[in-house]
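**Student:** Sharing a structure, written as structure tokens. Questions coming.
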4 protein chains.
Amino acid sequence: MTLVDVQRAAVDLFSGRGFEATGIRELGAAVGLNSATLYHYAGGKQELLAELMRICLDELLACGRAASASSTVPLEQLAALLASHIGISALNPRTAVVTDQEMRALTPERRTVLTGVRDEYEALFTAVLARGAKAGTFRMADAGVTRLALLEMCNGVAHWYRPGGRLGVEDVQRRFVEMGARLVGADGPEPWTGGLVEAQMLDIEPRVTVSA
Amino acid sequence: MTLVDVQRAAVDLFSGRGFEATGIRELGAAVGLNSATLYHYAGGKQELLAELMRICLDELLACGRAASASSTVPLEQLAALLASHIGISALNPRTAVVTDQEMRALTPERRTVLTGVRDEYEALFTAVLARGAKAGTFRMADAGVTRLALLEMCNGVAHWYRPGGRLGVEDVQRRFVEMGARLVGADGPEPWTGGLVEAQMLDIEPRVTVSA
Amino acid sequence: MTLVDVQRAAVDLFSGRGFEATGIRELGAAVGLNSATLYHYAGGKQELLAELMRICLDELLACGRAASASSTVPLEQLAALLASHIGISALNPRTAVVTDQEMRALTPERRTVLTGVRDEYEALFTAVLARGAKAGTFRMADAGVTRLALLEMCNGVAHWYRPGGRLGVEDVQRRFVEMGARLVGADGPEPWTGGLVEAQMLDIEPRVTVSA
Amino acid sequence: MTLVDVQRAAVDLFSGRGFEATGIRELGAAVGLNSATLYHYAGGKQELLAELMRICLDELLACGRAASASSTVPLEQLAALLASHIGISALNPRTAVVTDQEMRALTPERRTVLTGVRDEYEALFTAVLARGAKAGTFRMADAGVTRLALLEMCNGVAHWYRPGGRLGVEDVQRRFVEMGARLVGADGPEPWTGGLVEAQMLDIEPRVTVSA
DNA sequence: TATGAATGAGCATTCATTCAT
DNA sequence: TATGAATGAATGCTCATTCAT
């Protein structure tokens with residue numbers, strides 16, 4: 001219970017000021033604990049960060065795999081992948097930002113591990129794009145560049161989306177699925193029929209479970 | 001002359017470790033100067049950062065305005081904007097990354113100023129999208145979301161592109177122009193005919209001026 | 001029973017790293033107890049040290065008094081004192097080292113008490129040397145310096161002797177008795193006939209009771 | 001100049017409270033410097049200690065070698081070695097104590113280096129004892145034990161001698177030379193004719209250069 | 001222009017100790 | 001008897017910055 005509280009506060013502060021600019025005392029204060037007590041729960045500043053990121057990347061990977069497995073039609077797979085990514089990012093934008101930006105703050109060993117997970121995740125996109133291209137469904141000048149553009153576009157959601165704003169999570173999902181389809185040059189019917197994502201993670205904001 | 005050397009070293013270090021994690025002594029060492037001497041050239045760590053970002057944002061804004069003014073056809077304007085942004089980012093990926101990520105490290109006053117410049121720049125995209133939508137050239141479900149997606153996709157280039165790799169700057173420009181056109185739902189002929197961008201900025205890598 | 005276990009572990013760690021460099025958690029770990037539990041047994045780090053030293057000094061004093069009382073011939077008394085000191089030190093080198101070196105770590109009150117015991121012990125040597133000098137048995141240029149040299153030479157045994165090495169405890173005793181006799185300028189027959197010392201104290205090493 | 005001041009203060013504090021119990025702030029205060037400034041001069045607490053010890057051990061070794069080389073008669077060599085050791089210890093008792101007791105506080109690499117110097121120094125004693133035994137001048141039951149007793153007796157001087165007390169350095173030297181001769185079982189005329197030792201080291205006490 | 005010296009404030013972390021359970 | 005949780009104080013050390021030279 002309390003470890004999660006610490007992690008939530010850490011996400012809040014790290015995403016706002018950056019990991020390096022956040023002091024362990026600030027963190028303690030934010031969660032009502034003496035800084036020494038944090039070591040009881042979280043075992044050091046960087047370990048806290050690494051665990052945070054691991055949670056986020058594990059969630060992305062697990063949901064991504066489920067999304068990939070939810071269909072054999074490339075466009076549907078892509079739609080599910082995008083919806084998953086957008087859903088997680090939009091529900092946990094702070095966690096996503098920290099995970100995306102603070103990899104450099106990790107020690108080499110930890111970075112290697114987490115980079116590995118991230119690469120494994122991104123490989124899901126590579127695979128879907130390749131299968132869509134092979135099937136002729138996707139028409140892309142360069143699958144590599146498209147994948148990068150797609151991922152950056154999606155990662156960006158965490159930079160501007162905040163729950164409770166003009167758009168609901170599902171709205172954003174729907175629009176990104178559409179834009180993703182355009183980006184890969186896929187024609188045809190709306191491939192995404194909603195559903196998905198119940199990603200409870202570490203963002204402090206009140207968050208709502210979104211279903212179809 | 002030497003101020004630029006300091007700025008180049010700063011871009012290199014800030015982009016690699018992050019601003020907060022970079023020490024003023026490291027910076028001095030990187031440029032062969034005592035840390036105290038840096039204060040003569042750059043006047044403090046944060047002033048150095050702010051000036052860096054100003055240079056980058058000014059360049060983006062100036063080139064963006066020129067791009068917007070280079071045509072009255074929305075799709076051509078968009079293409080020029082994208083080519084400009086991609087060109088600057090690809091030629092100066094480290095500078096672009098720092099400018100994008102370290103806004104939070106600035107004091108409120110400086111942040112306000114530079115955020116203003118960035119907003120002004122982004123307004124160029126808003127305007128073009130609005131005009132394209134009004135003209136019926138662009139078909140977007142939500143112009144706001146599309147603009148955000150577009151910008152994040154473009155900003156992302158600085159995360160993965162490095163001069164001297166598989167793709168030349170112009171290749172990336174061409175592909176992003178195409179993807180941008182798809183994203184806004186524009187049909188029609190290839191709108192970009194090359195040219196543009198001679199953005200000498202602060203990245204240390206040997207960089208080549210690219211013309212069409 | 002368990003208090004002794006704690007003391008034994010403390011002797012082991014204090015003698016290896018020094019008192020100040022040894023943490024109470026290390027100590028707990030070494031004995032399989034939570035650090036908080038140590039306070040039930042030993043009542044704090046320094047109290048533990050003080051008790052340790054008291055045990056050692058009490059043993060030295062008691063054996064020293066017995067040795068002094070075992071004869072009225074100065075050379076025999078000296079031999080008995082030396083054998084006692086060497087025996088205790090050699091059987092409990094770690095305890096002896098801690099007792100010798102960590103007096104400075106004590107609070108003034110505790111230090112005063114234990115220094116008093118040590119002084120009382122050393123006075124036994126002063127007395128024997130004085131009586132031997134008066135009797136003409138010992139020929140020393142300076143009884144004070146001789147006493148100090150004698151004591152340091154003996155204390156040193158704990159620095160290098162370890163049970164189970166090349167020499168048995170009794171070998172070392174015999175040689176130090178001989179060297180002591182030389183040091184005080186005493187001629188004559190071998191004054192020490194063995195026997196003595198059954199000092200069970202706190203050293204962890206398997207230790208053997210030594211008799212003549 | 002100032003580095004030496006820092007080293008002197010360090011010797012004073014380390015010898016009084018022990019290395020581990022001495023804070024870097026105390027040290028700064030003792031020498032009138034902010035703790036951060038110490039790093040300018042001494043580069044960290046342990047580096048300061050190691051340098052201290054190196055100075056002392058180098059002095060011992062150099063003087064010890066000179067003493068060994070000052071004669072070919074074993075008893076005279078031994079006398080010179082003892083006088084050198086006593087002289088250095090008595091003029092710099094605090095430095096000698098720190099050097100003797102704080103080896104354990106060093107990192108393994110540093111400890112290895114300095115232990116090597118100490119071993120080299122002690123080998124001078126081993127060599128002299130062996131030559132004296134071979135020549136029949138020295139009659140010892142066990143040269144190894146004798147060497148250890150001799151060294152500990154000499155090291156002990158730093159524990160109790162303070163310049164300005166009842167005995168002058170030369171008095172102590174003379175008495176230890178005599179006791180050393182007894183310890184090794186050497187007969188004959190007084191082997192030491194004074195002279196020697198002008199060891200300026202790090203002890204803070206006003207110290208006097210001692211000549212014959 | 002350039003630097004060595006200096007510093008106060010801050011860093012993450014560890015400390016011995018207490019206490020409710 | 002035993003412990004996890006908690007903490008204030010302290011640890012060694014690094015920070016950006018200033019300033020006399």
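Following the order of the structure tokens, first chain is A, next is B, and so on, with residues numbered from 1 inside each chain and ligands from 1 in the order they appear.
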Please give chain B as a short mmCIF file (atom, residue, chain, number, x, y, z; two decimals) with C-alpha atoms, in the first residue's frame, after it has been superposed on chain C by least squares over all Cα atoms paired in order.
**Tutor:**
```
data_model
loop_
_atom_site.label_atom_id
_atom_site.label_comp_id
_atom_site.auth_asym_id
_atom_site.auth_seq_id
_atom_site.Cartn_x
_atom_site.Cartn_y
_atom_site.Cartn_z
CA MET B 1 23.48 -17.32 26.64
CA THR B 2 22.36 -15.18 23.77
CA LEU B 3 23.91 -12.06 25.22
CA VAL B 4 27.22 -13.82 24.97
CA ASP B 5 26.50 -14.64 21.35
CA VAL B 6 25.95 -10.98 20.68
CA GLN B 7 29.13 -10.10 22.49
CA ARG B 8 31.09 -12.67 20.54
CA ALA B 9 29.79 -11.28 17.26
CA ALA B 10 30.59 -7.79 18.46
CA VAL B 11 34.15 -8.76 19.29
CA ASP B 12 34.51 -10.28 15.88
CA LEU B 13 33.23 -7.23 14.03
CA PHE B 14 34.71 -4.55 16.26
CA SER B 15 38.15 -6.12 16.05
CA GLY B 16 37.95 -6.37 12.30
CA ARG B 17 36.48 -3.06 11.23
CA GLY B 18 36.73 -1.01 14.40
CA PHE B 19 33.91 0.00 16.70
CA GLU B 20 32.91 3.17 14.87
CA ALA B 21 32.89 1.50 11.50
CA THR B 22 30.66 -1.31 12.66
CA GLY B 23 26.94 -0.80 12.28
CA ILE B 24 24.35 -2.09 14.67
CA ARG B 25 22.55 -3.69 11.73
CA GLU B 26 25.65 -5.59 10.67
CA LEU B 27 25.89 -6.83 14.18
CA GLY B 28 22.29 -7.92 14.19
CA ALA B 29 22.76 -9.69 10.88
CA ALA B 30 25.84 -11.45 12.19
CA VAL B 31 23.87 -12.91 15.04
CA GLY B 32 20.61 -13.39 13.17
CA LEU B 33 18.68 -10.72 14.98
CA ASN B 34 16.90 -7.56 13.98
CA SER B 35 18.87 -4.54 15.06
CA ALA B 36 16.06 -3.47 17.34
CA THR B 37 16.25 -6.76 19.17
CA LEU B 38 19.84 -6.13 20.11
CA TYR B 39 18.66 -3.44 22.44
CA HIS B 40 16.94 -6.04 24.54
CA TYR B 41 20.13 -7.99 24.94
CA ALA B 42 22.83 -5.44 24.91
CA GLY B 43 21.18 -2.09 25.43
CA GLY B 44 22.88 -0.03 22.80
CA LYS B 45 26.06 -0.08 20.88
CA GLN B 46 28.31 1.60 23.34
CA GLU B 47 27.00 -0.26 26.34
CA LEU B 48 27.81 -3.42 24.47
CA LEU B 49 31.36 -2.25 23.91
CA ALA B 50 31.81 -1.18 27.49
CA GLU B 51 30.56 -4.49 28.83
CA LEU B 52 32.91 -6.31 26.50
CA MET B 53 35.86 -4.37 27.73
CA ARG B 54 34.83 -4.77 31.32
CA ILE B 55 34.77 -8.53 30.94
CA CYS B 56 38.24 -8.49 29.47
CA LEU B 57 39.73 -6.10 31.98
CA ASP B 58 38.15 -7.93 34.88
CA GLU B 59 39.65 -11.16 33.69
CA LEU B 60 43.06 -9.58 33.29
CA LEU B 61 42.88 -8.03 36.72
CA ALA B 62 41.67 -11.17 38.46
CA CYS B 63 44.27 -13.38 36.80
CA GLY B 64 46.94 -10.75 37.36
CA ARG B 65 46.18 -10.59 41.05
CA ALA B 66 46.25 -14.34 41.32
CA ALA B 67 49.58 -14.36 39.50
CA SER B 68 51.05 -11.74 41.81
CA ALA B 69 49.88 -13.70 44.81
CA SER B 70 51.23 -16.99 43.54
CA SER B 71 54.74 -16.29 44.78
CA THR B 72 56.82 -13.86 46.74
CA VAL B 73 59.84 -14.10 44.49
CA PRO B 74 59.76 -11.12 42.09
CA LEU B 75 60.99 -13.06 39.08
CA GLU B 76 58.39 -15.74 39.64
CA GLN B 77 55.69 -13.14 40.11
CA LEU B 78 56.72 -11.43 36.92
CA ALA B 79 56.72 -14.71 35.09
CA ALA B 80 53.26 -15.51 36.34
CA LEU B 81 51.99 -12.06 35.38
CA LEU B 82 53.42 -12.36 31.91
CA ALA B 83 52.11 -15.86 31.41
CA SER B 84 48.69 -14.73 32.52
CA HIS B 85 48.64 -11.73 30.22
CA ILE B 86 49.97 -13.64 27.25
CA GLY B 87 47.60 -16.50 27.90
CA ILE B 88 44.54 -14.30 28.00
CA SER B 89 45.63 -12.29 24.97
CA ALA B 90 46.51 -15.33 22.93
CA LEU B 91 43.29 -17.13 23.69
CA ASN B 92 41.22 -14.02 23.08
CA PRO B 93 43.18 -11.88 20.70
CA ARG B 94 40.15 -10.11 19.23
CA THR B 95 38.72 -9.24 22.60
CA ALA B 96 42.11 -8.01 23.71
CA VAL B 97 42.53 -5.84 20.64
CA VAL B 98 39.15 -4.24 21.08
CA THR B 99 39.78 -3.63 24.75
CA ASP B 100 43.12 -2.09 23.98
CA GLN B 101 42.09 0.12 21.11
CA GLU B 102 38.55 1.27 21.66
CA MET B 103 38.86 3.04 24.99
CA ARG B 104 38.58 6.31 23.10
CA ALA B 105 35.14 5.40 21.80
CA LEU B 106 33.65 5.38 25.27
CA THR B 107 31.84 8.21 26.97
CA PRO B 108 33.99 9.93 29.59
CA GLU B 109 32.21 8.28 32.50
CA ARG B 110 32.60 4.79 31.17
CA ARG B 111 36.12 5.51 30.09
CA THR B 112 37.01 6.70 33.56
CA VAL B 113 35.74 3.51 35.11
CA LEU B 114 37.48 1.18 32.73
CA THR B 115 40.68 3.17 32.65
CA GLY B 116 40.66 2.78 36.40
CA VAL B 117 40.54 -0.98 36.12
CA ARG B 118 43.30 -0.98 33.55
CA ASP B 119 45.46 1.26 35.73
CA GLU B 120 44.90 -1.02 38.66
CA TYR B 121 46.01 -3.92 36.52
CA GLU B 122 49.12 -2.18 35.30
CA ALA B 123 49.98 -1.25 38.85
CA LEU B 124 50.59 -4.94 39.44
CA PHE B 125 53.48 -4.75 37.02
CA THR B 126 54.76 -1.56 38.57
CA ALA B 127 54.76 -3.20 41.95
CA VAL B 128 56.58 -6.32 40.87
CA LEU B 129 59.20 -4.34 39.02
CA ALA B 130 59.75 -2.14 42.04
CA ARG B 131 60.15 -5.11 44.33
CA GLY B 132 62.49 -6.86 41.95
CA ALA B 133 64.57 -3.72 41.63
CA LYS B 134 64.66 -3.22 45.37
CA ALA B 135 65.68 -6.82 45.84
CA GLY B 136 68.43 -6.41 43.30
CA THR B 137 67.04 -9.20 41.17
CA PHE B 138 66.08 -6.83 38.39
CA ARG B 139 68.57 -4.43 36.91
CA MET B 140 66.80 -1.78 34.86
CA ALA B 141 67.97 1.64 33.78
CA ASP B 142 64.44 2.99 34.14
CA ALA B 143 61.68 0.93 35.70
CA GLY B 144 58.96 3.13 34.22
CA VAL B 145 60.16 2.74 30.66
CA THR B 146 60.73 -0.95 31.18
CA ARG B 147 57.21 -1.45 32.42
CA LEU B 148 55.79 0.37 29.41
CA ALA B 149 57.95 -1.63 27.03
CA LEU B 150 56.95 -4.83 28.72
CA LEU B 151 53.25 -4.08 28.57
CA GLU B 152 53.29 -2.95 24.95
CA MET B 153 55.26 -6.01 23.97
CA CYS B 154 52.67 -8.16 25.65
CA ASN B 155 49.66 -6.26 24.34
CA GLY B 156 51.13 -6.70 20.91
CA VAL B 157 50.59 -10.44 21.08
CA ALA B 158 46.92 -9.91 20.34
CA HIS B 159 47.90 -8.22 17.07
CA TRP B 160 49.65 -11.16 15.58
CA TYR B 161 48.84 -14.32 17.48
CA ARG B 162 45.97 -16.49 16.31
CA PRO B 163 45.09 -19.83 17.88
CA GLY B 164 45.92 -22.73 15.66
CA GLY B 165 49.05 -21.22 14.16
CA ARG B 166 52.66 -22.37 14.31
CA LEU B 167 52.98 -21.75 18.02
CA GLY B 168 50.80 -22.99 20.82
CA VAL B 169 49.75 -20.61 23.56
CA GLU B 170 52.19 -22.17 25.94
CA ASP B 171 55.06 -21.71 23.51
CA VAL B 172 54.34 -18.03 23.33
CA GLN B 173 54.01 -17.79 27.07
CA ARG B 174 57.36 -19.47 27.59
CA ARG B 175 59.12 -17.20 25.15
CA PHE B 176 57.61 -14.05 26.55
CA VAL B 177 58.54 -15.07 30.06
CA GLU B 178 62.09 -15.49 28.88
CA MET B 179 62.09 -12.18 27.03
CA GLY B 180 60.52 -10.47 30.02
CA ALA B 181 63.24 -11.79 32.28
CA ARG B 182 65.88 -10.49 29.89
CA LEU B 183 64.17 -7.12 29.68
CA VAL B 184 64.24 -6.58 33.40
CA GLY B 185 67.82 -7.74 33.55
CA ALA B 186 67.15 -10.82 35.62
CA ASP B 187 69.60 -13.70 35.53
CA GLY B 188 69.05 -17.16 36.69
CA PRO B 189 67.02 -20.27 36.09
CA GLU B 190 63.92 -20.45 34.02
CA PRO B 191 61.36 -19.04 36.42
CA TRP B 192 58.20 -20.36 34.87
CA THR B 193 57.05 -23.87 35.19
CA GLY B 194 53.92 -23.72 33.17
CA GLY B 195 50.37 -24.17 34.28
CA LEU B 196 47.84 -21.45 34.46
CA VAL B 197 45.21 -19.85 32.28
CA GLU B 198 41.84 -21.12 31.49
CA ALA B 199 40.42 -17.92 30.20
CA GLN B 200 37.19 -18.48 28.42
CA MET B 201 36.22 -15.14 27.00
CA LEU B 202 34.59 -13.80 23.91
CA ASP B 203 36.68 -14.69 20.90
CA ILE B 204 34.78 -16.59 18.31
CA GLU B 205 37.58 -18.88 17.17
CA PRO B 206 37.48 -22.38 18.53
CA ARG B 207 39.61 -22.12 21.58
CA VAL B 208 41.27 -24.66 23.71
CA THR B 209 41.84 -24.55 27.38
CA VAL B 210 45.52 -24.64 27.99
CA SER B 211 47.12 -26.08 31.00
CA ALA B 212 50.69 -26.89 31.62
#
```
**Student:** Would you give me, as a PyMOL selection string, the residues in region 12-204 of chain C that DSSP reads as helix (DSSP H, G or I)?
**Tutor:** chain C and resi 12-17+24-31+35-41+45-69+74-91+93-101+103-105+108-135+143-155+157-160+169-183
**Student:** Compute the set of chain E residues within 12 Å of chain A, using only C-alpha atoms (C1' of nucleotides), and express it as a JSON list (two decimals) with C-alpha atoms (C1' of nucleotides), in the first residue's frame.
**Tutor:**
```json
[["chain", "number", "residue", "atom", "x", "y", "z"],
["E", 10, "DG", "C1'", 22.38, 21.00, -0.95],
["E", 11, "DC", "C1'", 22.81, 16.09, -2.28],
["E", 12, "DA", "C1'", 21.56, 10.86, -1.44],
["E", 13, "DT", "C1'", 22.35, 7.99, 1.97],
["E", 14, "DT", "C1'", 23.20, 5.77, 6.63],
["E", 15, "DC", "C1'", 23.24, 6.19, 11.49]]
```
**Student:** Using only C-alpha atoms (C1' of nucleotides) and a cut-off of 12 Å, which residues of chain F sit close to chain B? Please list them as number ranges by chain.
**Tutor:** F: 14-19
**Student:** What is the distance between C1' of DC19 (chain E) and C1' of DA9 (chain F), in Å to one decimal?
**Tutor:** 18.3 Å
**Student:** Suppose you want the space between C1' of DT3 (chain E) and C1' of DT21 (chain F); what is it in Å?
**Tutor:**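 These two atoms are separated by 8.7 Å.
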